[in-house]
$ cat final_20.txt   # compact mmCIF, C-alpha atoms and all ligand atoms
# COMPACT_ATOMS: atom_id res chain seq x y z
CA MET A 15 9.64 122.37 269.73
CA ARG A 16 12.72 121.49 267.56
CA TYR A 17 12.32 122.35 263.89
CA PRO A 18 14.08 120.26 261.24
CA ARG A 19 17.67 121.39 260.59
CA PHE A 20 16.93 122.94 257.15
CA ILE A 21 14.38 125.28 258.75
CA ARG A 22 16.86 126.37 261.41
CA GLY A 23 19.79 126.47 258.98
CA LYS A 24 20.65 128.50 255.94
CA PHE A 25 17.18 128.26 254.39
CA TYR A 26 15.60 129.95 257.37
CA PRO A 27 15.84 133.58 256.05
CA TYR A 28 14.33 132.49 252.72
CA LEU A 29 11.46 130.65 254.38
CA LEU A 30 10.85 133.62 256.63
CA SER A 31 10.88 135.99 253.66
CA LEU A 32 8.32 133.74 251.90
CA GLY A 33 6.16 133.84 255.04
CA LEU A 34 6.40 137.62 255.39
CA VAL A 35 5.60 138.20 251.70
CA PHE A 36 2.60 135.91 252.15
CA VAL A 37 1.36 137.86 255.18
CA THR A 38 1.89 141.20 253.39
CA THR A 39 -0.06 139.92 250.39
CA LEU A 40 -2.93 138.81 252.65
CA PHE A 41 -2.91 142.26 254.20
CA GLY A 42 -2.85 143.79 250.66
CA GLU A 43 -5.90 141.69 249.71
CA PHE A 44 -7.67 143.10 252.72
CA VAL A 45 -6.95 146.77 251.96
CA LYS A 46 -6.74 146.74 248.16
CA ARG A 47 -10.16 148.34 247.77
CA ARG A 48 -9.18 151.22 249.98
CA LEU A 49 -5.52 151.76 249.04
CA GLU A 50 -3.87 152.38 245.70
CA PRO A 51 -1.70 149.36 244.74
CA THR A 52 1.34 151.67 244.56
CA ASN A 53 0.87 152.42 248.28
CA ILE A 54 0.68 148.75 249.18
CA VAL A 55 4.15 148.43 247.62
CA MET A 56 5.52 150.33 250.64
CA PHE A 57 4.63 147.45 252.95
CA TYR A 58 6.62 145.05 250.78
CA LEU A 59 9.52 147.46 250.92
CA LEU A 60 9.42 147.34 254.73
CA VAL A 61 9.74 143.56 254.58
CA VAL A 62 12.73 143.90 252.22
CA VAL A 63 14.46 146.33 254.59
CA PHE A 64 13.81 144.06 257.60
CA ILE A 65 15.23 141.00 255.83
CA ALA A 66 18.24 143.00 254.57
CA ILE A 67 19.17 144.28 258.03
CA ARG A 68 18.77 140.85 259.58
CA TRP A 69 20.24 138.58 256.87
CA GLY A 70 22.03 140.61 254.24
CA VAL A 71 21.72 141.15 250.49
CA GLY A 72 21.01 137.60 249.21
CA PRO A 73 17.77 136.93 251.09
CA ALA A 74 16.72 140.60 250.57
CA VAL A 75 17.02 140.39 246.78
CA VAL A 76 15.01 137.15 246.81
CA THR A 77 12.39 138.96 248.94
CA SER A 78 12.25 141.83 246.40
CA ILE A 79 11.62 139.41 243.54
CA LEU A 80 9.02 137.44 245.52
CA SER A 81 7.32 140.70 246.46
CA VAL A 82 7.05 141.90 242.85
CA LEU A 83 5.65 138.53 241.75
CA ALA A 84 3.10 138.34 244.59
CA PHE A 85 2.14 141.99 244.17
CA ASP A 86 1.58 141.60 240.42
CA PHE A 87 -0.25 138.28 240.74
CA PHE A 88 -2.64 139.12 243.54
CA LEU A 89 -2.94 142.89 243.88
CA VAL A 90 -2.63 144.38 240.36
CA PRO A 91 -5.58 143.98 237.95
CA PRO A 92 -6.17 141.68 236.13
CA TYR A 93 -5.91 139.54 239.28
CA LEU A 94 -4.38 136.03 239.36
CA THR A 95 -2.26 136.59 236.26
CA LEU A 96 1.18 138.06 235.80
CA GLY A 97 -0.13 140.38 233.03
CA VAL A 98 -1.06 144.04 233.72
CA ASP A 99 -3.81 146.32 232.39
CA ASP A 100 -1.95 149.49 232.93
CA ILE A 101 1.53 149.63 231.44
CA GLN A 102 2.53 152.06 234.22
CA TYR A 103 2.80 149.10 236.60
CA ILE A 104 5.83 147.87 234.66
CA PHE A 105 7.46 151.10 235.82
CA THR A 106 6.32 150.42 239.43
CA PHE A 107 7.82 146.88 239.34
CA THR A 108 11.13 148.05 237.92
CA ALA A 109 11.33 150.91 240.41
CA PHE A 110 10.50 148.48 243.25
CA LEU A 111 13.23 146.06 242.23
CA VAL A 112 15.80 148.82 241.89
CA VAL A 113 14.81 150.45 245.19
CA GLY A 114 14.68 147.00 246.85
CA ILE A 115 18.21 146.13 245.74
CA VAL A 116 19.64 149.55 246.61
CA VAL A 117 17.96 149.59 250.02
CA SER A 118 19.06 146.05 250.79
CA THR A 119 22.68 146.75 249.82
CA PHE A 120 22.63 149.81 252.03
CA ALA A 121 20.92 148.01 254.92
CA SER A 122 23.33 145.12 254.79
CA LYS A 123 26.26 147.60 254.90
CA VAL A 124 24.73 149.01 258.09
CA ARG A 125 24.50 145.46 259.38
CA GLU A 126 28.16 144.69 258.63
CA HIS A 127 29.15 147.92 260.30
CA LEU A 128 27.18 146.97 263.43
CA ILE A 129 28.79 143.51 263.54
CA GLN A 130 32.24 145.08 263.14
CA ARG A 131 31.56 147.48 266.01
CA GLN A 132 30.43 144.59 268.22
CA THR A 133 33.58 142.59 267.42
CA GLU A 134 35.75 145.60 268.23
CA LYS A 135 33.96 146.04 271.54
CA LEU A 136 34.43 142.36 272.34
CA HIS A 137 38.14 142.51 271.50
CA SER A 138 38.73 145.44 273.79
CA ALA A 139 36.76 143.70 276.59
CA LEU A 140 38.95 140.60 276.16
CA LEU A 141 42.10 142.67 276.10
CA SER A 142 41.19 144.47 279.30
CA SER A 143 40.32 141.14 280.96
CA ILE A 144 43.70 139.67 279.99
CA SER A 145 45.63 142.75 281.05
CA HIS A 146 43.81 142.65 284.39
CA ASP A 147 44.80 139.00 284.84
CA LEU A 148 48.40 139.79 283.94
CA LYS A 149 48.61 142.84 286.15
CA THR A 150 47.15 141.37 289.35
CA PRO A 151 49.95 138.80 289.94
CA LEU A 152 52.62 141.29 288.84
CA VAL A 153 51.42 143.83 291.39
CA SER A 154 51.50 141.21 294.18
CA ILE A 155 54.97 139.98 293.19
CA THR A 156 56.38 143.51 292.97
CA GLY A 157 54.75 144.41 296.31
CA ALA A 158 56.18 141.36 298.09
CA LEU A 159 59.68 141.78 296.68
CA THR A 160 59.80 145.52 297.36
CA THR A 161 58.86 144.95 301.00
CA LEU A 162 61.55 142.26 301.31
CA LEU A 163 64.21 144.48 299.76
CA ASP A 164 63.32 147.49 301.86
CA GLY A 165 66.14 147.68 304.44
CA LYS A 166 64.05 149.76 306.85
CA SER A 167 61.16 147.36 307.34
CA HIS A 168 62.21 144.93 310.08
CA LEU A 169 60.47 141.71 309.19
CA ASP A 170 60.53 138.52 311.23
CA GLU A 171 61.30 135.20 309.54
CA LYS A 172 57.64 134.16 309.28
CA HIS A 173 56.62 137.38 307.60
CA LYS A 174 59.51 137.08 305.12
CA ARG A 175 58.52 133.53 304.32
CA ASP A 176 54.88 134.55 303.76
CA LEU A 177 55.96 137.25 301.33
CA LEU A 178 58.19 134.83 299.43
CA GLU A 179 55.37 132.29 299.25
CA THR A 180 53.02 134.92 297.84
CA ALA A 181 55.60 135.89 295.22
CA SER A 182 56.14 132.27 294.29
CA GLU A 183 52.40 131.44 294.04
CA GLU A 184 51.72 134.51 291.96
CA SER A 185 54.63 133.70 289.63
CA ALA A 186 53.18 130.24 289.10
CA ARG A 187 49.82 131.82 288.28
CA LEU A 188 51.43 134.19 285.82
CA ASN A 189 53.34 131.35 284.26
CA ARG A 190 50.12 129.34 283.77
CA LEU A 191 48.34 132.29 282.21
CA VAL A 192 51.16 133.06 279.79
CA ASN A 193 51.40 129.37 278.87
CA ASN A 194 47.67 129.21 278.25
CA LEU A 195 47.79 132.29 276.05
CA LEU A 196 50.72 130.82 274.11
CA ASP A 197 48.94 127.48 273.65
CA MET A 198 45.81 129.24 272.49
CA THR A 199 47.76 131.33 269.99
CA LYS A 200 49.61 128.26 268.70
CA MET A 201 46.37 126.34 268.34
CA GLU A 202 44.68 129.18 266.49
CA ALA A 203 47.66 129.61 264.19
CA GLY A 204 47.58 125.85 263.53
CA VAL A 205 51.16 125.33 264.69
CA LEU A 206 50.51 123.19 267.77
CA ARG A 207 52.15 119.94 266.67
CA ILE A 208 50.87 116.63 267.98
CA TYR A 209 53.07 113.52 267.92
CA LYS A 210 51.05 110.50 268.99
CA LYS A 211 52.64 107.51 270.71
CA PRO A 212 51.02 104.75 272.77
CA CYS A 213 50.63 106.14 276.31
CA ASP A 214 49.34 104.80 279.58
CA LEU A 215 46.31 106.71 280.84
CA ARG A 216 47.30 106.01 284.46
CA ASP A 217 50.68 107.69 283.87
CA LEU A 218 48.96 110.66 282.31
CA ILE A 219 46.62 111.11 285.29
CA GLY A 220 49.56 110.58 287.67
CA THR A 221 51.57 113.33 285.96
CA CYS A 222 48.68 115.81 286.24
CA LEU A 223 48.08 114.97 289.91
CA GLU A 224 51.80 115.39 290.62
CA GLN A 225 51.73 118.86 289.03
CA LEU A 226 48.69 119.72 291.13
CA LYS A 227 49.91 118.21 294.40
CA ASP A 228 50.07 121.54 296.27
CA LYS A 229 46.47 122.31 295.40
CA ILE A 230 45.32 118.78 296.21
CA GLY A 231 46.85 118.81 299.69
CA GLN A 232 44.83 116.40 301.84
CA ARG A 233 41.92 116.04 299.40
CA SER A 234 40.81 112.60 298.39
CA ILE A 235 41.08 111.70 294.70
CA LYS A 236 39.48 108.37 293.77
CA ILE A 237 40.82 106.73 290.65
CA ASP A 238 39.07 103.84 288.93
CA ILE A 239 40.65 102.59 285.71
CA PRO A 240 40.08 99.10 284.20
CA LYS A 241 43.14 96.87 284.59
CA ASP A 242 43.01 95.76 280.94
CA LEU A 243 42.85 99.27 279.48
CA PRO A 244 45.25 99.32 276.51
CA GLU A 245 47.66 102.17 275.86
CA LEU A 246 46.16 105.08 273.96
CA PRO A 247 47.66 106.97 271.00
CA MET A 248 48.42 110.39 272.48
CA ASP A 249 50.93 113.18 272.61
CA PHE A 250 51.68 112.71 276.31
CA LEU A 251 52.85 116.25 277.15
CA VAL A 252 50.14 118.00 275.14
CA MET A 253 47.38 115.75 276.48
CA ALA A 254 48.65 116.29 280.02
CA LYS A 255 47.88 120.01 279.56
CA ALA A 256 44.31 119.21 278.50
CA LEU A 257 43.70 116.96 281.49
CA PHE A 258 45.50 119.31 283.86
CA ASN A 259 43.03 122.11 283.06
CA VAL A 260 40.05 119.82 283.72
CA ILE A 261 41.34 118.47 287.05
CA ASP A 262 42.48 121.96 288.06
CA ASN A 263 38.90 123.20 287.50
CA ALA A 264 37.45 120.29 289.49
CA LEU A 265 39.67 121.34 292.41
CA LYS A 266 39.07 125.05 291.93
CA TYR A 267 35.27 124.93 291.74
CA SER A 268 34.67 122.61 294.72
CA THR A 269 35.32 122.86 298.43
CA ASP A 270 38.45 121.58 300.16
CA ASN A 271 36.70 118.71 301.95
CA SER A 272 34.98 117.24 298.88
CA SER A 273 36.48 114.42 296.86
CA ILE A 274 37.14 114.08 293.14
CA ASP A 275 36.46 110.90 291.16
CA ILE A 276 38.41 110.01 288.04
CA ARG A 277 36.96 107.02 286.24
CA ALA A 278 37.70 105.40 282.88
CA SER A 279 35.69 102.83 280.96
CA MET A 280 35.85 101.23 277.50
CA ILE A 281 33.02 101.56 275.02
CA ASP A 282 33.55 99.94 271.60
CA ALA A 283 36.86 101.28 270.31
CA LYS A 284 36.79 104.29 272.61
CA VAL A 285 37.73 105.24 276.14
CA ARG A 286 35.38 107.32 278.24
CA LEU A 287 37.17 109.29 280.93
CA GLU A 288 35.10 111.05 283.58
CA ILE A 289 36.35 113.69 285.99
CA LYS A 290 33.69 114.25 288.59
CA ASP A 291 33.62 116.84 291.34
CA TYR A 292 31.07 117.64 294.04
CA GLY A 293 31.40 121.42 293.79
CA CYS A 294 29.26 124.35 292.74
CA GLY A 295 28.18 122.86 289.41
CA ILE A 296 27.33 124.70 286.22
CA PRO A 297 23.90 126.09 285.25
CA LYS A 298 22.33 124.16 282.37
CA GLU A 299 22.37 127.11 279.97
CA ASP A 300 26.16 127.50 280.39
CA LEU A 301 27.09 123.83 279.88
CA LYS A 302 27.96 124.14 276.17
CA ARG A 303 29.46 127.61 276.37
CA ILE A 304 32.14 126.83 278.97
CA PHE A 305 34.30 125.40 276.17
CA GLU A 306 34.30 128.72 274.34
CA LYS A 307 37.36 130.93 274.51
CA PHE A 308 37.20 133.41 277.42
CA TYR A 309 33.76 132.22 278.54
CA ARG A 310 33.27 132.16 282.30
CA VAL A 311 30.09 131.37 284.19
CA GLU A 312 28.88 134.54 285.85
CA LYS A 313 28.65 132.96 289.32
CA SER A 314 32.31 131.91 289.24
CA LEU A 315 33.69 135.36 288.44
CA HIS A 316 34.97 135.72 292.03
CA THR A 317 37.28 132.69 291.47
CA SER A 318 40.42 133.60 289.56
CA GLY A 319 40.61 132.39 285.98
CA THR A 320 40.60 133.51 282.39
CA GLY A 321 38.11 131.24 280.65
CA LEU A 322 40.90 129.83 278.47
CA GLY A 323 41.58 126.46 280.14
CA LEU A 324 38.66 124.44 278.80
CA SER A 325 38.85 125.88 275.29
CA ILE A 326 42.48 124.76 275.15
CA SER A 327 41.54 121.31 276.47
CA LYS A 328 38.82 121.03 273.84
CA GLY A 329 41.24 122.00 271.05
CA ILE A 330 43.79 119.43 272.21
CA ILE A 331 41.25 116.63 272.66
CA GLU A 332 39.67 117.26 269.27
CA ALA A 333 43.13 117.26 267.68
CA HIS A 334 43.42 113.70 269.07
CA GLY A 335 40.13 112.73 267.40
CA GLY A 336 38.26 112.88 270.72
CA GLN A 337 35.42 114.86 272.28
CA ILE A 338 34.83 116.70 275.53
CA SER A 339 31.53 117.63 277.15
CA ALA A 340 30.14 118.62 280.53
CA GLU A 341 27.29 117.27 282.63
CA SER A 342 26.20 119.01 285.77
CA ASP A 343 23.70 119.00 288.55
CA PHE A 344 23.80 122.71 289.40
CA GLY A 345 24.79 123.19 293.04
CA LYS A 346 25.83 119.54 293.42
CA GLY A 347 28.77 119.03 291.10
CA THR A 348 30.15 118.67 287.62
CA THR A 349 31.33 115.77 285.49
CA ILE A 350 33.60 116.45 282.54
CA VAL A 351 33.43 113.59 280.04
CA ILE A 352 36.33 113.00 277.66
CA ILE A 353 36.02 110.43 274.87
CA LEU A 354 39.23 109.27 273.22
CA PRO A 355 39.77 106.81 270.38
CA MET A 356 41.78 103.70 271.28
CA ARG A 357 43.37 103.44 267.85
P1 LIG B 401 38.68 129.43 284.03
O1 LIG B 401 40.08 129.93 283.87
O2 LIG B 401 37.70 130.53 284.24
O3 LIG B 401 38.54 128.33 285.02
P2 LIG B 401 37.94 127.47 281.99
O4 LIG B 401 37.93 127.60 280.50
O5 LIG B 401 38.80 126.42 282.57
O6 LIG B 401 38.30 128.89 282.56
O7 LIG B 401 36.43 127.23 282.45
C1 LIG B 401 35.42 128.07 281.97
C2 LIG B 401 34.33 128.25 283.01
O8 LIG B 401 33.62 127.03 283.20
C3 LIG B 401 34.85 128.60 284.39
O9 LIG B 401 35.00 130.00 284.53
C4 LIG B 401 33.76 128.07 285.31
O10 LIG B 401 32.74 129.01 285.41
C5 LIG B 401 33.21 126.87 284.54
N1 LIG B 401 33.73 125.59 285.04
C6 LIG B 401 34.69 124.84 284.47
N2 LIG B 401 34.89 123.69 285.16
C7 LIG B 401 34.03 123.72 286.20
C8 LIG B 401 33.74 122.81 287.29
N3 LIG B 401 34.39 121.65 287.46
N4 LIG B 401 32.77 123.19 288.17
C9 LIG B 401 32.10 124.35 288.01
N5 LIG B 401 32.33 125.24 287.02
C10 LIG B 401 33.28 124.93 286.12
$ encode --input "final_20.txt" --output "structure tokens" --more "lines below"
Ligand code: ADP
Amino acid sequence: MRYPRFIRGKFYPYLLSLGLVFVTTLFGEFVKRRLEPTNIVMFYLLVVVFIAIRWGVGPAVVTSILSVLAFDFFLVPPYLTLGVDDIQYIFTFTAFLVVGIVVSTFASKVREHLIQRQTEKLHSALLSSISHDLKTPLVSITGALTTLLDGKSHLDEKHKRDLLETASEESARLNRLVNNLLDMTKMEAGVLRIYKKPCDLRDLIGTCLEQLKDKIGQRSIKIDIPKDLPELPMDFLVMAKALFNVIDNALKYSTDNSSIDIRASMIDAKVRLEIKDYGCGIPKEDLKRIFEKFYRVEKSLHTSGTGLGLSISKGIIEAHGGQISAESDFGKGTTIVIILPMR
């Protein structure tokens, strides 16, 4: 069931705190003949601590105030008024509020500390993943070149050529990775400049396919673009990077004998571009997350990659006022849908 946005959004902790105070009060009603009211206060304090750890000081302070009000109104005689018989309760309320605020400040510090630790852990995981991706090609290149330079190893021509090809492929991989990291850094620093000019979508696709021609080899790429498609306002070179990553993925995550369909259509003042492959597909729960930085679907971890490509594409496409999304029939293929404004 989908709840309305305000329940899921920033009001959620407050609504939950209201609910928990309500439940605690019901419980208090039930036990008030057996327990001293000052003991029931402890249950409210538990709620305050829970809310503070989960959502921080703001909602916890509101919970403290709600708790004092509910406690006074329902559980302290005379019932159903905010007045008190015994003046000592004023002391209880004040102590509760003070303890509530102190505990919630402390608990939310613990919470911030936990979040900080998690972020640090994530950063070091990302760093080790990047250094792994940088090191692997460097090791292959160094290995190939050292063997070639070694005067004692008598290599035939074919073997020499294989080693040079490995070095060249791995350099290209390294180059792509470094470029992706640079693009990502530029985008995050807000210095990736976009100069839009009217561009032909067919040219853009052609440029990407040309760059990928070694990977495409004999594979069939079907292109279907309406003849009357107008030129689109784009930064050609930057947009080519975005599309390159998407087509590269379509090739990478499908088998060599399957085809790839690239289709464009016009809807209102927008162009819908689809890149469809018949590869491994993406599980439903990962569909949104694949556009996050460094996110990789667990099943594709054996294929080389860094999880940066699609997040860069998304940044570029959004900077052009467009959108990117993924549709997939897991096990049967993936369609990446790019929507771009025509004006
Ligand atoms: P990577 O360098 O890992 O390919 P991307 O950001 O380009 O990084 O993609 C993120 C993840 O999304 C990939 O690791 C892969 O799991 C999944 N993915 C992207 N495109 C496809 C596709 N066409 N088919 C299947 N999985 C895909």
$ residues_around --input "final_20.txt" --residues "Leu257 (chain A)" --least-positions-apart "5" --cutoff "10 Å" --atoms "all atoms listed in the file" --output "list of chain:residue names"
A:Leu218, A:Ile219, A:Thr221, A:Cys222, A:Leu223, A:Val252, A:Asp262, A:Asn263, A:Ile289, A:Gly323, A:Leu324, A:Ser327, A:Lys328, A:Ile330, A:Ile331, A:Ile352
$ residues_near_ligand --input "final_20.txt" --ligand "ligand LIG 401 (chain B)" --cutoff "9 Å" --atoms "all atoms listed in the file" --output "PyMOL selection string"
chain A and resi 191+259-268+289-297+300-301+303-315+317-327+340+342+344-345+347-350
$ write_last_selection --input "final_20.txt" --atoms "C-alpha atoms" --output "mmCIF file, in the frame of the given file"
data_model
loop_
_atom_site.group_PDB
_atom_site.id
_atom_site.type_symbol
_atom_site.label_atom_id
_atom_site.label_comp_id
_atom_site.auth_asym_id
_atom_site.auth_seq_id
_atom_site.Cartn_x
_atom_site.Cartn_y
_atom_site.Cartn_z
ATOM 1 C CA LEU A 191 48.340 132.290 282.210
ATOM 2 C CA ASN A 259 43.030 122.110 283.060
ATOM 3 C CA VAL A 260 40.050 119.820 283.720
ATOM 4 C CA ILE A 261 41.340 118.470 287.050
ATOM 5 C CA ASP A 262 42.480 121.960 288.060
ATOM 6 C CA ASN A 263 38.900 123.200 287.500
ATOM 7 C CA ALA A 264 37.450 120.290 289.490
ATOM 8 C CA LEU A 265 39.670 121.340 292.410
ATOM 9 C CA LYS A 266 39.070 125.050 291.930
ATOM 10 C CA TYR A 267 35.270 124.930 291.740
ATOM 11 C CA SER A 268 34.670 122.610 294.720
ATOM 12 C CA ILE A 289 36.350 113.690 285.990
ATOM 13 C CA LYS A 290 33.690 114.250 288.590
ATOM 14 C CA ASP A 291 33.620 116.840 291.340
ATOM 15 C CA TYR A 292 31.070 117.640 294.040
ATOM 16 C CA GLY A 293 31.400 121.420 293.790
ATOM 17 C CA CYS A 294 29.260 124.350 292.740
ATOM 18 C CA GLY A 295 28.180 122.860 289.410
ATOM 19 C CA ILE A 296 27.330 124.700 286.220
ATOM 20 C CA PRO A 297 23.900 126.090 285.250
ATOM 21 C CA ASP A 300 26.160 127.500 280.390
ATOM 22 C CA LEU A 301 27.090 123.830 279.880
ATOM 23 C CA ARG A 303 29.460 127.610 276.370
ATOM 24 C CA ILE A 304 32.140 126.830 278.970
ATOM 25 C CA PHE A 305 34.300 125.400 276.170
ATOM 26 C CA GLU A 306 34.300 128.720 274.340
ATOM 27 C CA LYS A 307 37.360 130.930 274.510
ATOM 28 C CA PHE A 308 37.200 133.410 277.420
ATOM 29 C CA TYR A 309 33.760 132.220 278.540
ATOM 30 C CA ARG A 310 33.270 132.160 282.300
ATOM 31 C CA VAL A 311 30.090 131.370 284.190
ATOM 32 C CA GLU A 312 28.880 134.540 285.850
ATOM 33 C CA LYS A 313 28.650 132.960 289.320
ATOM 34 C CA SER A 314 32.310 131.910 289.240
ATOM 35 C CA LEU A 315 33.690 135.360 288.440
ATOM 36 C CA THR A 317 37.280 132.690 291.470
ATOM 37 C CA SER A 318 40.420 133.600 289.560
ATOM 38 C CA GLY A 319 40.610 132.390 285.980
ATOM 39 C CA THR A 320 40.600 133.510 282.390
ATOM 40 C CA GLY A 321 38.110 131.240 280.650
ATOM 41 C CA LEU A 322 40.900 129.830 278.470
ATOM 42 C CA GLY A 323 41.580 126.460 280.140
ATOM 43 C CA LEU A 324 38.660 124.440 278.800
ATOM 44 C CA SER A 325 38.850 125.880 275.290
ATOM 45 C CA ILE A 326 42.480 124.760 275.150
ATOM 46 C CA SER A 327 41.540 121.310 276.470
ATOM 47 C CA ALA A 340 30.140 118.620 280.530
ATOM 48 C CA SER A 342 26.200 119.010 285.770
ATOM 49 C CA PHE A 344 23.800 122.710 289.400
ATOM 50 C CA GLY A 345 24.790 123.190 293.040
ATOM 51 C CA GLY A 347 28.770 119.030 291.100
ATOM 52 C CA THR A 348 30.150 118.670 287.620
ATOM 53 C CA THR A 349 31.330 115.770 285.490
ATOM 54 C CA ILE A 350 33.600 116.450 282.540
#
$ closest_residue --input "final_20.txt" --among "A:Ile276, A:Ala109, A:Met356, A:Leu287" --to "Ser234 (chain A)" --atoms "all atoms listed in the file"
A:Ile276
$ closest_residue --input "final_20.txt" --among "A:Arg207, A:His173, A:His146, A:Arg68" --to "Glu126 (chain A)" --atoms "only C-alpha atoms"
A:Arg68
$ closest_residue --input "final_20.txt" --among "A:Ser339, A:Thr52, A:Ser273, A:Thr77" --to "Tyr103 (chain A)" --atoms "only C-alpha atoms"
A:Thr52
$ residues_near_point --input "final_20.txt" --point "(37.1, 107.8, 272.4)" --cutoff "12 Å" --atoms "only C-alpha atoms" --output "ChimeraX atom specification"
/A:246-248,278-288,331-332,334-338,351-357
$ closest_residue --input "final_20.txt" --among "A:Leu195, A:Leu243, A:Ile129, A:Ala203" --to "Leu141 (chain A)" --atoms "only C-alpha atoms"
A:Leu195
$ residues_near_point --input "final_20.txt" --point "(51.4, 106.1, 271.2)" --cutoff "9 Å" --atoms "all atoms listed in the file" --output "list in words"
Tyr209, Lys210, Lys211, Pro212, Cys213, Asp214, Glu245, Leu246, Pro247, Met248, Asp249 and Phe250 of chain A
$ atom_distance --input "final_20.txt" --atom1 "CA of Ala121 (chain A)" --atom2 "CA of Gly70 (chain A)"
7.5 Å
$ atom_distance --input "final_20.txt" --atom1 "CA of Phe87 (chain A)" --atom2 "CA of Val71 (chain A)"
24.2 Å
$ atom_distance --input "final_20.txt" --atom1 "CA of Met198 (chain A)" --atom2 "CA of Lys302 (chain A)"
18.9 Å
$ closest_residue --input "final_20.txt" --among "A:Asn271, A:Thr119, A:Thr199, A:Ser78" --to "Tyr58 (chain A)" --atoms "all atoms listed in the file"
A:Ser78
$ decode --input "final_20.txt" --residues "region 142-147 of chain A" --atoms "all heavy atoms" --output "tab-separated table (two decimals), in the first residue's frame"
chain	number	residue	atom	x	y	z
A	142	SER	N	38.89	1.62	-2.45
A	142	SER	CA	39.59	0.38	-2.77
A	142	SER	C	39.06	-0.19	-4.08
A	142	SER	O	39.81	-0.81	-4.83
A	142	SER	CB	39.48	-0.63	-1.63
A	142	SER	OG	38.19	-1.13	-1.58
A	143	SER	N	37.77	0.06	-4.39
A	143	SER	CA	37.25	-0.42	-5.67
A	143	SER	C	37.90	0.32	-6.84
A	143	SER	O	38.26	-0.27	-7.85
A	143	SER	CB	35.72	-0.31	-5.70
A	143	SER	OG	35.28	0.31	-6.86
A	144	ILE	N	38.07	1.65	-6.67
A	144	ILE	CA	38.71	2.41	-7.75
A	144	ILE	C	40.17	2.01	-7.90
A	144	ILE	O	40.66	1.79	-9.00
A	144	ILE	CB	38.66	3.93	-7.50
A	144	ILE	CG1	37.21	4.39	-7.49
A	144	ILE	CG2	39.39	4.70	-8.59
A	144	ILE	CD1	37.09	5.86	-7.20
A	145	SER	N	40.87	1.86	-6.75
A	145	SER	CA	42.29	1.53	-6.91
A	145	SER	C	42.45	0.15	-7.54
A	145	SER	O	43.37	-0.06	-8.33
A	145	SER	CB	43.07	1.61	-5.60
A	145	SER	OG	42.25	1.63	-4.52
A	146	HIS	N	41.51	-0.76	-7.24
A	146	HIS	CA	41.56	-2.08	-7.89
A	146	HIS	C	41.41	-1.91	-9.41
A	146	HIS	O	42.17	-2.48	-10.19
A	146	HIS	CB	40.47	-2.97	-7.33
A	146	HIS	CG	40.30	-4.25	-8.06
A	146	HIS	ND1	41.10	-5.33	-7.82
A	146	HIS	CD2	39.48	-4.60	-9.06
A	146	HIS	CE1	40.76	-6.31	-8.63
A	146	HIS	NE2	39.77	-5.89	-9.39
A	147	ASP	N	40.41	-1.08	-9.80
A	147	ASP	CA	40.17	-0.89	-11.24
A	147	ASP	C	41.32	-0.18	-11.94
A	147	ASP	O	41.52	-0.34	-13.13
A	147	ASP	CB	38.88	-0.10	-11.45
A	147	ASP	CG	37.67	-0.96	-11.12
A	147	ASP	OD1	37.68	-2.14	-11.50
A	147	ASP	OD2	36.76	-0.47	-10.46
